[in-house]
Amino acid sequence: MLVAPSILSADFGNLAKEIKAICDGGCDLIHVDVMDGHFVPNMTIGPVVVNPVAKAATKPLDIHLMVENNTFFVELFAPLKPEYISFHIESEKHPHRLIQKIRSLGIKPAIVLNPHTPPSSIEYLIEDLDMVLLMSVNPGFGGQKFISSVIEKTKELKKLINKRNPNCLIQIDGGVNDKNIHELKDAGVDVVVAGSYVFGNDDYSKAIKSLQI
Ligand code: DX5
Ligand code: ZN
């Protein structure tokens, strides 16, 4: 299981130190939540803050867009050379076109599904994706309760992936901890995002390792 700590729960007054601590603690990716105050009822960070994050990072960035104007934000973050950019299927009129654009910039494209959105909504996009992110909370905030129906949804998505693109990874975001990690692994999850669980632990390295099962 790959682990991507979400810096939404980090101490933003000591961001470079926090980034170093999760990288030294053995994380696989650094999950960056970008919110525009329109698609979700919260706002976070833009390139002015993510740029020093990228400089302090020794692990690749995984940028999760929760925005209405995806193309604008893809162009804004592309110079930081993230490993992944994910966008919500619910906010994009032309997902196929945007996937090609992200790939043309040398970045791996991923699509995010909100808790109510079925895997069948991306059946004809899976072949072009490197990862699908299933939200296990409603997007916008850290520290929310895990929505357990995502387990069944993961199994359904896994079937589609096996049929259409076995290389595509499944990522889960929201309410992940050492209690539900085994169930997620058994359902076929490849990557977990964890914010409050990692940054709420005194020992980041121990928290990260407890999810790398
Ligand atoms: C929510 C974000 C998540 C969030 C996860 O919109 O996408 O990445 O930071 O936080 P936890 O792990 O605390 O649920
Ligand atoms: Zn996220």
# chains A, B, ... in the order shown; residues from 1 in each chain; ligands from 1
call {"tool": "residues_near_ligand", "arguments": {"ligand": "ligand 1", "cutoff": "10 Å", "atoms": "only C-alpha atoms and all ligand atoms", "output": "PyMOL selection string"}}
result
chain A and resi 4-10+31-35+40-42+63-66+112+114+133-146+172-177+192-200
call {"tool": "atom_distance", "arguments": {"atom1": "CA of Glu156 in chain A", "atom2": "CA of Pro119 in chain A"}}
result
7.1 Å
call {"tool": "closest_residue", "arguments": {"among": "A:Ile111, A:Leu29, A:Leu61, A:Ala187", "to": "Ser148 in chain A", "atoms": "only C-alpha atoms"}}
result
A:Ala187
call {"tool": "residues_around", "arguments": {"residues": "range 159-164 of chain A", "least_positions_apart": "3", "cutoff": "10 Å", "atoms": "only C-alpha atoms", "output": "PyMOL selection string"}}
result
chain A and resi 119-120+122-128+131-132+154-156+167-170+188
call {"tool": "residues_around", "arguments": {"residues": "Asp202 in chain A", "least_positions_apart": "5", "cutoff": "12 Å", "atoms": "only C-alpha atoms", "output": "count of residues only"}}
result
7
call {"tool": "select_by_dssp", "arguments": {"residues": "range 78-188 of chain A", "states": "strand (DSSP E or B)", "output": "ChimeraX atom specification"}}
result
/A:84-88,108-113,131-135,169-173
call {"tool": "closest_residue", "arguments": {"among": "A:Ile151, A:Cys27, A:Leu211, A:Val191", "to": "Asp178 in chain A", "atoms": "only C-alpha atoms"}}
result
A:Leu211
call {"tool": "atom_distance", "arguments": {"atom1": "CA of Ala16 in chain A", "atom2": "CA of Ala56 in chain A"}}
result
5.7 Å
